[in-house]
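Here is the structure we will look at.
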Amino acid sequence: MRTADAPAVIELRRCALTYPGPPPVTALAPCELAIGAGEFVTVVGPSGAGKSTLLNVLGLLDSPTSGHYLLDGIDTGALSDAQATALRGRRIGFVFQSFHLLPYRTASENVALALTYGGVPRKGRAELARHALRQVGLGNRMDALPTTLSGGERQRVAIARALVGRPSLLLCDEPTGNLDSATAESVLRLLEELHRDGMTVIVITHDAAVAARGQRTLTLRDGVMSEQARP
Ligand code: ADP
Ligand code: MG
C-alpha cells in the first residue's frame with residue numbers, strides 16, 4: 001500500500017496520449033494515477049481500450065502527448081531518449097503475451113542477454129540469470145531451449161528475464177493471454193509471490209478473473225481510466 005511519506009513509484013498528472021492519425025486517436029484520455037511501491041494493480045478493459053498504450057507510457061516506450069509521468073519521482077518528460085532508455089533498463093521489467101524468447105538460445109542465455117548493456121561482466125550475468133531462473137522455479141531447466149519448454153515454462157523464462165536486472169516495477173501485458181487456465185494460474189501465483197516479496201506489479205488483462213487478483217483494478221474504456229473502490 002502507498003505510504004504518505006514515500007513518493008509514488010508511478011504518478012500520472014493529466015497524462016494523455018493521442019496518436020496523430022489521421023484521424024487522431026485519443027488512446028489515453030487525460031488521467032490521474034498514483035501507484036505506490038509494492039502495489040499489485042491490474043488494468044482491465046476491452047480490446048482497443050488503451051491498455052497497451054498505458055503500459056507503453058508507464059514503461060517509457062512511448063511518451064504522453066500531454067501531461068506528466070513521474071517514475072520514482074522523476075519527471076520523465078524532461079529526460080533525453082538516452083536517459084529514458086537507461087532509466088527503463090534499471091527500473092522496469094516487461095512481460096508480454098508472446099514470450100519473445102530467442103529459439104536457439106538456452107533459457108539461461110535468454111535471461112542473461114537482458115543484462116548485456118547493464119555493465120555486468122559476462123560471468124556475473126550467467127550467475128544472475130541462473131538465480132533469476134531459480135526464483136521462477138526453473139532451476140532444473142536452465143540449459144533447455146525454449147522449443148523444448150511448455151508455454152508456462154516459457155513465460156517463466158520471460159519473467160526471469162524481466163527480473164534479472166532487479167527492476168522496481170514489473171509491467172505485464174496480457175501475461176496469461178497465451179496460456180491454458182492451469183498454466184495461467186501458476187504464472188499468476190508467481191506474480192503474486194513477487195508482489196509479496198515487495199515488487200510493484202502491474203498486470204494488463206482483458207480477463208475479469210485475472211483482474212480480480214490485483215489489490216486495485218483500473219478500468220479503461222475508450223481511453224478513459226476509472227477505478228472501482230474495493231469493498
Ligand atoms: P488495447 O491494448 O486495450 O487493446 P491499445 O492501447 O493497443 O488498446 O490501443 C488503443 C487505441 O489506440 C486503439 O483504438 C488503437 O487502434 C489505437 N492505436 C494503438 N496504437 C496506435 C498507433 N501506433 N497509431 C495509431 N493508433 C493506435
Ligand atoms: Mg493490448
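Labels used: A, B, ... for chains in the order of the C-alpha cells, numbers from 1 for residues in each chain, and numbers from 1 for ligands as shown.
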Write as a PDB file with N, CA, C and O atoms, in the first residue's frame the residues around ligand 2, taking 12 Å as the cut-off and counting only C-alpha atoms and all ligand atoms.
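The resulting pocket.pdb:
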```pdb
ATOM      1  N   ALA A  27      -5.897   7.521 -27.428  1.00  0.00           N
ATOM      2  CA  ALA A  27      -5.819   6.180 -26.849  1.00  0.00           C
ATOM      3  C   ALA A  27      -5.836   6.245 -25.330  1.00  0.00           C
ATOM      4  O   ALA A  27      -6.237   5.285 -24.669  1.00  0.00           O
ATOM      5  N   VAL A  43      -5.100  -3.926 -14.730  1.00  0.00           N
ATOM      6  CA  VAL A  43      -5.739  -2.986 -15.654  1.00  0.00           C
ATOM      7  C   VAL A  43      -6.573  -3.808 -16.614  1.00  0.00           C
ATOM      8  O   VAL A  43      -6.051  -4.710 -17.285  1.00  0.00           O
ATOM      9  N   VAL A  44      -7.855  -3.510 -16.644  1.00  0.00           N
ATOM     10  CA  VAL A  44      -8.755  -4.311 -17.454  1.00  0.00           C
ATOM     11  C   VAL A  44      -9.487  -3.414 -18.441  1.00  0.00           C
ATOM     12  O   VAL A  44      -9.591  -2.196 -18.240  1.00  0.00           O
ATOM     13  N   GLY A  45      -9.987  -3.987 -19.498  1.00  0.00           N
ATOM     14  CA  GLY A  45     -10.748  -3.219 -20.476  1.00  0.00           C
ATOM     15  C   GLY A  45     -10.781  -3.976 -21.789  1.00  0.00           C
ATOM     16  O   GLY A  45      -9.915  -4.812 -22.039  1.00  0.00           O
ATOM     17  N   PRO A  46     -11.775  -3.680 -22.630  1.00  0.00           N
ATOM     18  CA  PRO A  46     -11.891  -4.407 -23.891  1.00  0.00           C
ATOM     19  C   PRO A  46     -10.764  -4.078 -24.860  1.00  0.00           C
ATOM     20  O   PRO A  46     -10.007  -3.127 -24.647  1.00  0.00           O
ATOM     21  N   SER A  47     -10.673  -4.843 -25.897  1.00  0.00           N
ATOM     22  CA  SER A  47      -9.663  -4.618 -26.922  1.00  0.00           C
ATOM     23  C   SER A  47      -9.810  -3.210 -27.487  1.00  0.00           C
ATOM     24  O   SER A  47     -10.927  -2.742 -27.727  1.00  0.00           O
ATOM     25  N   GLY A  48      -8.681  -2.528 -27.643  1.00  0.00           N
ATOM     26  CA  GLY A  48      -8.712  -1.169 -28.189  1.00  0.00           C
ATOM     27  C   GLY A  48      -8.981  -0.096 -27.151  1.00  0.00           C
ATOM     28  O   GLY A  48      -9.072   1.088 -27.478  1.00  0.00           O
ATOM     29  N   ALA A  49      -9.071  -0.476 -25.867  1.00  0.00           N
ATOM     30  CA  ALA A  49      -9.426   0.484 -24.810  1.00  0.00           C
ATOM     31  C   ALA A  49      -8.259   1.380 -24.400  1.00  0.00           C
ATOM     32  O   ALA A  49      -8.466   2.377 -23.719  1.00  0.00           O
ATOM     33  N   GLY A  50      -7.045   0.997 -24.795  1.00  0.00           N
ATOM     34  CA  GLY A  50      -5.887   1.813 -24.433  1.00  0.00           C
ATOM     35  C   GLY A  50      -4.967   1.157 -23.419  1.00  0.00           C
ATOM     36  O   GLY A  50      -4.041   1.805 -22.914  1.00  0.00           O
ATOM     37  N   LYS A  51      -5.149  -0.127 -23.155  1.00  0.00           N
ATOM     38  CA  LYS A  51      -4.358  -0.817 -22.134  1.00  0.00           C
ATOM     39  C   LYS A  51      -2.877  -0.852 -22.515  1.00  0.00           C
ATOM     40  O   LYS A  51      -2.004  -0.535 -21.706  1.00  0.00           O
ATOM     41  N   SER A  52      -2.598  -1.271 -23.735  1.00  0.00           N
ATOM     42  CA  SER A  52      -1.192  -1.354 -24.142  1.00  0.00           C
ATOM     43  C   SER A  52      -0.572   0.039 -24.250  1.00  0.00           C
ATOM     44  O   SER A  52       0.613   0.223 -23.937  1.00  0.00           O
ATOM     45  N   THR A  53      -1.371   1.009 -24.660  1.00  0.00           N
ATOM     46  CA  THR A  53      -0.879   2.389 -24.709  1.00  0.00           C
ATOM     47  C   THR A  53      -0.440   2.831 -23.317  1.00  0.00           C
ATOM     48  O   THR A  53       0.647   3.395 -23.149  1.00  0.00           O
ATOM     49  N   LEU A  54      -1.274   2.553 -22.319  1.00  0.00           N
ATOM     50  CA  LEU A  54      -0.915   2.904 -20.943  1.00  0.00           C
ATOM     51  C   LEU A  54       0.373   2.200 -20.532  1.00  0.00           C
ATOM     52  O   LEU A  54       1.279   2.814 -19.958  1.00  0.00           O
ATOM     53  N   LEU A  55       0.478   0.916 -20.835  1.00  0.00           N
ATOM     54  CA  LEU A  55       1.675   0.169 -20.459  1.00  0.00           C
ATOM     55  C   LEU A  55       2.913   0.744 -21.152  1.00  0.00           C
ATOM     56  O   LEU A  55       3.982   0.842 -20.555  1.00  0.00           O
ATOM     57  N   ASN A  56       2.759   1.125 -22.415  1.00  0.00           N
ATOM     58  CA  ASN A  56       3.893   1.692 -23.144  1.00  0.00           C
ATOM     59  C   ASN A  56       4.335   3.019 -22.529  1.00  0.00           C
ATOM     60  O   ASN A  56       5.534   3.311 -22.471  1.00  0.00           O
ATOM     61  N   PHE A  96       5.422  -9.911 -21.756  1.00  0.00           N
ATOM     62  CA  PHE A  96       4.400  -9.763 -22.788  1.00  0.00           C
ATOM     63  C   PHE A  96       3.658 -11.083 -22.980  1.00  0.00           C
ATOM     64  O   PHE A  96       4.091 -12.144 -22.525  1.00  0.00           O
ATOM     65  N   GLN A  97       2.551 -10.975 -23.734  1.00  0.00           N
ATOM     66  CA  GLN A  97       1.745 -12.167 -24.010  1.00  0.00           C
ATOM     67  C   GLN A  97       2.555 -13.228 -24.754  1.00  0.00           C
ATOM     68  O   GLN A  97       2.542 -14.406 -24.404  1.00  0.00           O
ATOM     69  N   SER A  98       3.211 -12.793 -25.828  1.00  0.00           N
ATOM     70  CA  SER A  98       4.095 -13.738 -26.535  1.00  0.00           C
ATOM     71  C   SER A  98       5.482 -13.543 -25.950  1.00  0.00           C
ATOM     72  O   SER A  98       5.899 -12.427 -25.672  1.00  0.00           O
ATOM     73  N   CYS A 172       3.314  -6.072 -17.032  1.00  0.00           N
ATOM     74  CA  CYS A 172       2.948  -7.295 -17.739  1.00  0.00           C
ATOM     75  C   CYS A 172       1.740  -7.021 -18.631  1.00  0.00           C
ATOM     76  O   CYS A 172       0.693  -6.586 -18.141  1.00  0.00           O
ATOM     77  N   ASP A 173       1.897  -7.251 -19.940  1.00  0.00           N
ATOM     78  CA  ASP A 173       0.796  -7.011 -20.894  1.00  0.00           C
ATOM     79  C   ASP A 173       0.204  -8.355 -21.304  1.00  0.00           C
ATOM     80  O   ASP A 173       0.837  -9.108 -22.045  1.00  0.00           O
ATOM     81  N   GLU A 174      -0.953  -8.678 -20.771  1.00  0.00           N
ATOM     82  CA  GLU A 174      -1.640  -9.944 -21.053  1.00  0.00           C
ATOM     83  C   GLU A 174      -0.710 -11.150 -20.834  1.00  0.00           C
ATOM     84  O   GLU A 174      -0.558 -11.990 -21.721  1.00  0.00           O
ATOM     85  N   PRO A 175      -0.097 -11.252 -19.650  1.00  0.00           N
ATOM     86  CA  PRO A 175       0.918 -12.295 -19.447  1.00  0.00           C
ATOM     87  C   PRO A 175       0.368 -13.715 -19.512  1.00  0.00           C
ATOM     88  O   PRO A 175       1.127 -14.651 -19.725  1.00  0.00           O
ATOM     89  N   GLY A 177      -2.296 -14.456 -21.546  1.00  0.00           N
ATOM     90  CA  GLY A 177      -3.163 -14.495 -22.721  1.00  0.00           C
ATOM     91  C   GLY A 177      -2.956 -15.701 -23.624  1.00  0.00           C
ATOM     92  O   GLY A 177      -3.882 -16.119 -24.320  1.00  0.00           O
ATOM     93  N   VAL A 203      -0.441  -5.576 -14.035  1.00  0.00           N
ATOM     94  CA  VAL A 203      -0.832  -6.623 -14.983  1.00  0.00           C
ATOM     95  C   VAL A 203      -2.014  -6.134 -15.806  1.00  0.00           C
ATOM     96  O   VAL A 203      -3.068  -5.793 -15.263  1.00  0.00           O
ATOM     97  N   ILE A 204      -1.821  -6.110 -17.108  1.00  0.00           N
ATOM     98  CA  ILE A 204      -2.887  -5.760 -18.038  1.00  0.00           C
ATOM     99  C   ILE A 204      -3.565  -7.038 -18.499  1.00  0.00           C
ATOM    100  O   ILE A 204      -2.887  -8.041 -18.780  1.00  0.00           O
ATOM    101  N   THR A 205      -4.880  -7.006 -18.556  1.00  0.00           N
ATOM    102  CA  THR A 205      -5.607  -8.219 -18.933  1.00  0.00           C
ATOM    103  C   THR A 205      -6.971  -7.837 -19.494  1.00  0.00           C
ATOM    104  O   THR A 205      -7.480  -6.749 -19.209  1.00  0.00           O
ATOM    105  N   HIS A 206      -7.528  -8.677 -20.323  1.00  0.00           N
ATOM    106  CA  HIS A 206      -8.934  -8.443 -20.682  1.00  0.00           C
ATOM    107  C   HIS A 206      -9.826  -9.431 -19.930  1.00  0.00           C
ATOM    108  O   HIS A 206     -11.025  -9.496 -20.154  1.00  0.00           O
ATOM    109  N   LEU A 220     -10.104   0.617 -18.198  1.00  0.00           N
ATOM    110  CA  LEU A 220     -10.001   1.544 -19.331  1.00  0.00           C
ATOM    111  C   LEU A 220     -11.132   1.249 -20.292  1.00  0.00           C
ATOM    112  O   LEU A 220     -11.448   0.073 -20.564  1.00  0.00           O
ATOM    113  N   GLY A 223     -10.147   4.676 -23.773  1.00  0.00           N
ATOM    114  CA  GLY A 223      -9.073   5.552 -23.319  1.00  0.00           C
ATOM    115  C   GLY A 223      -9.337   6.265 -22.009  1.00  0.00           C
ATOM    116  O   GLY A 223      -8.474   6.991 -21.518  1.00  0.00           O
TER     117      GLY A 223
END
```
Can you list, as a short mmCIF file (atom, residue, chain, number, x, y, z; two decimals) with N, CA, C and O atoms, in the first residue's frame, all residues belonging to stretch 28-214 of chain A that DSSP tags as helix (DSSP H, G or I)?
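Written out: states14.cif:
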```cif
data_model
loop_
_atom_site.label_atom_id
_atom_site.label_comp_id
_atom_site.auth_asym_id
_atom_site.auth_seq_id
_atom_site.Cartn_x
_atom_site.Cartn_y
_atom_site.Cartn_z
N LYS A 51 -5.15 -0.13 -23.15
CA LYS A 51 -4.36 -0.82 -22.13
C LYS A 51 -2.88 -0.85 -22.52
O LYS A 51 -2.00 -0.53 -21.71
N SER A 52 -2.60 -1.27 -23.74
CA SER A 52 -1.19 -1.35 -24.14
C SER A 52 -0.57 0.04 -24.25
O SER A 52 0.61 0.22 -23.94
N THR A 53 -1.37 1.01 -24.66
CA THR A 53 -0.88 2.39 -24.71
C THR A 53 -0.44 2.83 -23.32
O THR A 53 0.65 3.40 -23.15
N LEU A 54 -1.27 2.55 -22.32
CA LEU A 54 -0.92 2.90 -20.94
C LEU A 54 0.37 2.20 -20.53
O LEU A 54 1.28 2.81 -19.96
N LEU A 55 0.48 0.92 -20.84
CA LEU A 55 1.68 0.17 -20.46
C LEU A 55 2.91 0.74 -21.15
O LEU A 55 3.98 0.84 -20.55
N ASN A 56 2.76 1.12 -22.41
CA ASN A 56 3.89 1.69 -23.14
C ASN A 56 4.33 3.02 -22.53
O ASN A 56 5.53 3.31 -22.47
N VAL A 57 3.36 3.81 -22.07
CA VAL A 57 3.71 5.07 -21.41
C VAL A 57 4.42 4.76 -20.09
O VAL A 57 5.51 5.28 -19.81
N LEU A 58 3.83 3.86 -19.28
CA LEU A 58 4.43 3.54 -17.98
C LEU A 58 5.82 2.93 -18.15
O LEU A 58 6.70 3.12 -17.31
N THR A 76 9.57 12.21 -16.20
CA THR A 76 10.19 11.55 -17.35
C THR A 76 10.14 12.41 -18.62
O THR A 76 10.90 12.17 -19.55
N GLY A 77 9.25 13.41 -18.63
CA GLY A 77 9.17 14.28 -19.81
C GLY A 77 10.43 15.11 -20.01
O GLY A 77 10.70 15.60 -21.10
N ALA A 78 11.21 15.26 -18.94
CA ALA A 78 12.42 16.07 -19.02
C ALA A 78 13.63 15.25 -19.45
O ALA A 78 14.72 15.80 -19.61
N ASP A 81 16.19 10.81 -24.76
CA ASP A 81 15.92 9.41 -25.11
C ASP A 81 16.90 8.48 -24.41
O ASP A 81 16.52 7.42 -23.90
N ALA A 82 18.17 8.87 -24.39
CA ALA A 82 19.19 8.01 -23.77
C ALA A 82 18.94 7.87 -22.27
O ALA A 82 19.08 6.78 -21.70
N GLN A 83 18.55 8.97 -21.64
CA GLN A 83 18.27 8.91 -20.20
C GLN A 83 17.04 8.05 -19.93
O GLN A 83 17.01 7.28 -18.96
N ALA A 84 16.02 8.18 -20.78
CA ALA A 84 14.82 7.37 -20.61
C ALA A 84 15.14 5.89 -20.79
O ALA A 84 14.66 5.03 -20.04
N THR A 85 15.97 5.58 -21.77
CA THR A 85 16.37 4.19 -22.01
C THR A 85 17.13 3.63 -20.80
O THR A 85 16.88 2.50 -20.37
N ALA A 86 18.01 4.44 -20.25
CA ALA A 86 18.79 3.99 -19.09
C ALA A 86 17.88 3.78 -17.89
O ALA A 86 18.01 2.78 -17.17
N LEU A 87 16.94 4.69 -17.69
CA LEU A 87 16.01 4.57 -16.56
C LEU A 87 15.15 3.31 -16.72
O LEU A 87 14.95 2.55 -15.77
N ARG A 88 14.68 3.09 -17.93
CA ARG A 88 13.88 1.90 -18.22
C ARG A 88 14.68 0.64 -17.91
O ARG A 88 14.19 -0.30 -17.27
N GLY A 89 15.93 0.62 -18.35
CA GLY A 89 16.77 -0.56 -18.14
C GLY A 89 17.01 -0.85 -16.67
O GLY A 89 17.06 -2.01 -16.26
N ARG A 90 17.11 0.19 -15.86
CA ARG A 90 17.39 -0.01 -14.44
C ARG A 90 16.15 -0.36 -13.64
O ARG A 90 16.23 -1.11 -12.67
N ARG A 91 15.00 0.22 -14.00
CA ARG A 91 13.86 0.15 -13.09
C ARG A 91 12.73 -0.75 -13.56
O ARG A 91 11.86 -1.08 -12.76
N ALA A 107 17.52 -21.25 -21.96
CA ALA A 107 16.78 -20.41 -21.01
C ALA A 107 17.72 -19.43 -20.32
O ALA A 107 17.46 -18.23 -20.26
N SER A 108 18.85 -19.94 -19.82
CA SER A 108 19.73 -19.04 -19.07
C SER A 108 20.39 -18.02 -19.99
O SER A 108 20.60 -16.87 -19.60
N GLU A 109 20.67 -18.41 -21.24
CA GLU A 109 21.23 -17.41 -22.18
C GLU A 109 20.20 -16.33 -22.49
O GLU A 109 20.54 -15.14 -22.56
N ASN A 110 18.95 -16.74 -22.68
CA ASN A 110 17.90 -15.75 -22.94
C ASN A 110 17.82 -14.74 -21.79
O ASN A 110 17.67 -13.54 -22.03
N VAL A 111 17.90 -15.24 -20.57
CA VAL A 111 17.79 -14.35 -19.41
C VAL A 111 19.03 -13.47 -19.31
O VAL A 111 18.93 -12.25 -19.10
N ALA A 112 20.21 -14.07 -19.51
CA ALA A 112 21.47 -13.31 -19.37
C ALA A 112 21.56 -12.20 -20.42
O ALA A 112 22.14 -11.14 -20.16
N LEU A 113 20.97 -12.43 -21.60
CA LEU A 113 21.03 -11.42 -22.66
C LEU A 113 20.42 -10.10 -22.23
O LEU A 113 20.81 -9.03 -22.73
N ARG A 122 30.41 -10.77 -18.08
CA ARG A 122 29.73 -11.96 -18.62
C ARG A 122 29.49 -13.05 -17.57
O ARG A 122 28.41 -13.61 -17.48
N LYS A 123 30.50 -13.31 -16.76
CA LYS A 123 30.36 -14.38 -15.77
C LYS A 123 29.29 -14.04 -14.74
O LYS A 123 28.47 -14.87 -14.35
N GLY A 124 29.29 -12.79 -14.36
CA GLY A 124 28.27 -12.33 -13.41
C GLY A 124 26.88 -12.42 -14.01
O GLY A 124 25.91 -12.75 -13.32
N ARG A 125 26.78 -12.15 -15.32
CA ARG A 125 25.47 -12.22 -15.99
C ARG A 125 24.92 -13.63 -15.93
O ARG A 125 23.73 -13.83 -15.67
N ALA A 126 25.79 -14.61 -16.17
CA ALA A 126 25.34 -16.01 -16.16
C ALA A 126 24.84 -16.38 -14.76
O ALA A 126 23.82 -17.07 -14.61
N GLU A 127 25.56 -15.93 -13.75
CA GLU A 127 25.16 -16.27 -12.37
C GLU A 127 23.83 -15.62 -12.01
O GLU A 127 22.94 -16.26 -11.44
N LEU A 128 23.66 -14.35 -12.40
CA LEU A 128 22.40 -13.66 -12.13
C LEU A 128 21.25 -14.32 -12.87
O LEU A 128 20.13 -14.44 -12.35
N ALA A 129 21.51 -14.79 -14.10
CA ALA A 129 20.47 -15.46 -14.89
C ALA A 129 20.04 -16.75 -14.19
O ALA A 129 18.84 -17.04 -14.09
N ARG A 130 21.01 -17.51 -13.71
CA ARG A 130 20.66 -18.76 -13.02
C ARG A 130 19.85 -18.46 -11.76
O ARG A 130 18.87 -19.14 -11.45
N HIS A 131 20.24 -17.40 -11.05
CA HIS A 131 19.49 -17.02 -9.85
C HIS A 131 18.05 -16.66 -10.19
O HIS A 131 17.11 -17.11 -9.52
N ALA A 132 17.86 -15.88 -11.27
CA ALA A 132 16.50 -15.45 -11.66
C ALA A 132 15.67 -16.67 -12.07
O ALA A 132 14.47 -16.75 -11.77
N LEU A 133 16.30 -17.62 -12.75
CA LEU A 133 15.56 -18.82 -13.17
C LEU A 133 15.17 -19.67 -11.97
O LEU A 133 14.08 -20.24 -11.93
N ARG A 134 16.05 -19.75 -10.97
CA ARG A 134 15.67 -20.47 -9.75
C ARG A 134 14.50 -19.76 -9.07
O ARG A 134 13.58 -20.40 -8.57
N GLN A 135 14.52 -18.44 -9.10
CA GLN A 135 13.47 -17.63 -8.47
C GLN A 135 12.09 -17.94 -9.08
O GLN A 135 11.08 -17.88 -8.39
N PRO A 146 14.05 -22.94 -25.61
CA PRO A 146 12.64 -22.59 -25.47
C PRO A 146 11.70 -23.56 -26.18
O PRO A 146 10.60 -23.84 -25.68
N THR A 147 12.13 -24.12 -27.33
CA THR A 147 11.26 -25.04 -28.07
C THR A 147 10.95 -26.31 -27.29
O THR A 147 9.98 -27.00 -27.59
N THR A 148 11.78 -26.62 -26.29
CA THR A 148 11.54 -27.83 -25.51
C THR A 148 10.78 -27.52 -24.22
O THR A 148 10.56 -28.42 -23.40
N GLY A 151 4.45 -23.82 -22.58
CA GLY A 151 4.09 -22.41 -22.61
C GLY A 151 4.30 -21.72 -21.27
O GLY A 151 4.84 -20.62 -21.19
N GLY A 152 3.89 -22.40 -20.20
CA GLY A 152 4.05 -21.82 -18.87
C GLY A 152 5.52 -21.65 -18.50
O GLY A 152 5.91 -20.65 -17.90
N GLU A 153 6.34 -22.66 -18.89
CA GLU A 153 7.78 -22.55 -18.61
C GLU A 153 8.40 -21.41 -19.42
O GLU A 153 9.25 -20.68 -18.92
N ARG A 154 7.96 -21.26 -20.65
CA ARG A 154 8.49 -20.16 -21.47
C ARG A 154 8.14 -18.81 -20.84
O ARG A 154 8.97 -17.90 -20.82
N GLN A 155 6.91 -18.70 -20.33
CA GLN A 155 6.56 -17.42 -19.71
C GLN A 155 7.37 -17.22 -18.44
O GLN A 155 7.73 -16.09 -18.11
N ARG A 156 7.70 -18.29 -17.73
CA ARG A 156 8.57 -18.16 -16.55
C ARG A 156 9.96 -17.68 -16.94
O ARG A 156 10.57 -16.87 -16.22
N VAL A 157 10.46 -18.18 -18.05
CA VAL A 157 11.76 -17.69 -18.54
C VAL A 157 11.66 -16.19 -18.83
O VAL A 157 12.53 -15.39 -18.45
N ALA A 158 10.55 -15.80 -19.49
CA ALA A 158 10.36 -14.38 -19.81
C ALA A 158 10.27 -13.55 -18.52
O ALA A 158 10.77 -12.42 -18.46
N ILE A 159 9.64 -14.10 -17.49
CA ILE A 159 9.54 -13.37 -16.22
C ILE A 159 10.94 -13.29 -15.57
O ILE A 159 11.33 -12.24 -15.05
N ALA A 160 11.69 -14.38 -15.64
CA ALA A 160 13.06 -14.34 -15.12
C ALA A 160 13.88 -13.27 -15.85
O ALA A 160 14.65 -12.53 -15.24
N ARG A 161 13.69 -13.20 -17.16
CA ARG A 161 14.41 -12.18 -17.95
C ARG A 161 14.01 -10.78 -17.50
O ARG A 161 14.83 -9.86 -17.44
N ALA A 162 12.71 -10.60 -17.18
CA ALA A 162 12.26 -9.28 -16.71
C ALA A 162 12.83 -8.95 -15.34
O ALA A 162 13.04 -7.79 -15.01
N LEU A 163 13.10 -9.99 -14.52
CA LEU A 163 13.53 -9.77 -13.13
C LEU A 163 15.03 -9.64 -12.98
O LEU A 163 15.50 -9.12 -11.97
N SER A 181 -5.72 -22.44 -18.74
CA SER A 181 -6.08 -21.85 -17.44
C SER A 181 -5.22 -22.37 -16.29
O SER A 181 -4.87 -21.60 -15.39
N ALA A 182 -4.83 -23.65 -16.32
CA ALA A 182 -3.99 -24.17 -15.22
C ALA A 182 -2.62 -23.51 -15.24
O ALA A 182 -2.07 -23.13 -14.20
N THR A 183 -2.06 -23.34 -16.43
CA THR A 183 -0.75 -22.71 -16.56
C THR A 183 -0.84 -21.24 -16.20
O THR A 183 0.04 -20.69 -15.52
N ALA A 184 -1.92 -20.60 -16.65
CA ALA A 184 -2.13 -19.19 -16.32
C ALA A 184 -2.15 -19.02 -14.80
O ALA A 184 -1.55 -18.08 -14.26
N GLU A 185 -2.80 -19.94 -14.11
CA GLU A 185 -2.89 -19.87 -12.66
C GLU A 185 -1.48 -19.91 -12.03
O GLU A 185 -1.19 -19.16 -11.10
N SER A 186 -0.63 -20.77 -12.54
CA SER A 186 0.71 -20.86 -11.93
C SER A 186 1.52 -19.58 -12.21
O SER A 186 2.28 -19.15 -11.34
N VAL A 187 1.31 -18.97 -13.36
CA VAL A 187 2.00 -17.71 -13.65
C VAL A 187 1.46 -16.60 -12.74
O VAL A 187 2.23 -15.80 -12.19
N LEU A 188 0.14 -16.59 -12.53
CA LEU A 188 -0.44 -15.58 -11.63
C LEU A 188 0.08 -15.76 -10.21
O LEU A 188 0.37 -14.78 -9.52
N ARG A 189 0.21 -17.02 -9.78
CA ARG A 189 0.74 -17.25 -8.42
C ARG A 189 2.17 -16.73 -8.31
O ARG A 189 2.56 -16.18 -7.29
N LEU A 190 2.93 -16.92 -9.38
CA LEU A 190 4.31 -16.41 -9.37
C LEU A 190 4.30 -14.88 -9.26
O LEU A 190 5.07 -14.31 -8.46
N LEU A 191 3.44 -14.22 -10.02
CA LEU A 191 3.38 -12.75 -9.95
C LEU A 191 2.96 -12.32 -8.54
O LEU A 191 3.50 -11.35 -7.99
N GLU A 192 2.02 -13.05 -7.93
CA GLU A 192 1.59 -12.72 -6.56
C GLU A 192 2.74 -12.90 -5.57
O GLU A 192 2.89 -12.13 -4.62
N GLU A 193 3.53 -13.93 -5.80
CA GLU A 193 4.68 -14.19 -4.94
C GLU A 193 5.70 -13.03 -5.05
O GLU A 193 6.23 -12.56 -4.04
N LEU A 194 5.94 -12.57 -6.27
CA LEU A 194 6.85 -11.45 -6.46
C LEU A 194 6.32 -10.21 -5.76
O LEU A 194 7.07 -9.45 -5.14
N HIS A 195 5.01 -10.01 -5.86
CA HIS A 195 4.36 -8.90 -5.16
C HIS A 195 4.56 -9.03 -3.65
O HIS A 195 4.92 -8.06 -2.98
N ARG A 196 4.39 -10.24 -3.12
CA ARG A 196 4.58 -10.42 -1.67
C ARG A 196 6.02 -10.12 -1.27
O ARG A 196 6.27 -9.66 -0.17
N ALA A 208 -11.56 -10.71 -16.58
CA ALA A 208 -12.02 -10.18 -15.30
C ALA A 208 -11.50 -11.02 -14.12
O ALA A 208 -11.22 -10.48 -13.05
N ALA A 209 -11.35 -12.33 -14.33
CA ALA A 209 -10.87 -13.19 -13.24
C ALA A 209 -9.41 -12.88 -12.91
O ALA A 209 -9.01 -12.89 -11.75
N VAL A 210 -8.62 -12.59 -13.93
CA VAL A 210 -7.23 -12.19 -13.70
C VAL A 210 -7.21 -10.82 -13.02
O VAL A 210 -6.48 -10.60 -12.05
N ALA A 211 -8.06 -9.91 -13.51
CA ALA A 211 -8.09 -8.56 -12.95
C ALA A 211 -8.41 -8.58 -11.46
O ALA A 211 -7.85 -7.80 -10.68
#
```
Practice task
Determine the nearest neighbour of A:Val9 from the options A:Tyr117, A:Phe94, A:Tyr69, A:Tyr104, counting only C-alpha atoms.
Solution key: A:Tyr69
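Counting only C-alpha atoms and all ligand atoms and comparing A:Leu12, A:Met142, A:Val25, A:Leu70, the residue that lies closest to ligand 1 is A:Val25.
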Exercise for the section: Would you list the contacts of A:Arg14 as a list in words, taking every protein, DNA or RNA residue within 12 Å and counting only C-alpha atoms, but skipping same-chain residues closer than 3 positions in sequence? Expected result: Glu11, Leu17, Leu28, Ala29, Pro30, Cys31, Glu32, Leu33, Ala34, Pro64, Thr65, Ser66, Gly67, His68, Tyr69, Leu70, Val224 and Met225 of chain A
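Of the listed residues A:Cys15, A:Leu149, A:Val41, A:Met199, the one whose atoms come nearest to A:Thr219 is A:Val41, with distances taken using only C-alpha atoms.
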Problem - Point-to-point distance from atom CA of A:Arg221 to atom 4 (O, counted along the ligand's line) of ligand 1, Å rounded to tenths - result: 10.0 Å
Exercise for the section: Show which residues sit within 8 Å of A:Leu115, as a VMD selection string. Count only C-alpha atoms, and ignore same-chain residues fewer than 5 positions away. Expected result: chain A and resid 120 125 164 to 165
Fill in the blank from the handout: Closest of A:Pro103, A:Pro23, A:Pro167, A:Pro121 to ligand 1, counting only C-alpha atoms and all ligand atoms, is A:Pro23
Exercise for the section: Could you tell me, as a PyMOL selection string, which residues of stretch 64-94 of chain A DSSP assigns to strand (DSSP E) when given the backbone? Expected result: chain A and resi 66-71+74-75+92-94
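Interatomic distance, atom CA of A:Asp143 to atom CA of A:Thr106: 5.1 Å.
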Handout entry: Atomic distance atom CA of A:Arg141 - atom CA of A:Leu102, expressed in Å with one decimal
Key = 15.5 Å
Handout entry: Among the residues A:Ile92, A:Arg105, A:Thr26, A:Glu227, the one that comes closest to A:Leu145 [using only C-alpha atoms]
Key = A:Arg105
Practice task
Counting only C-alpha atoms and all ligand atoms, figure out which residue out of A:Ile10, A:Val201, A:Pro24, A:Arg216 gets nearest to ligand 1.
Solution key: A:Pro24
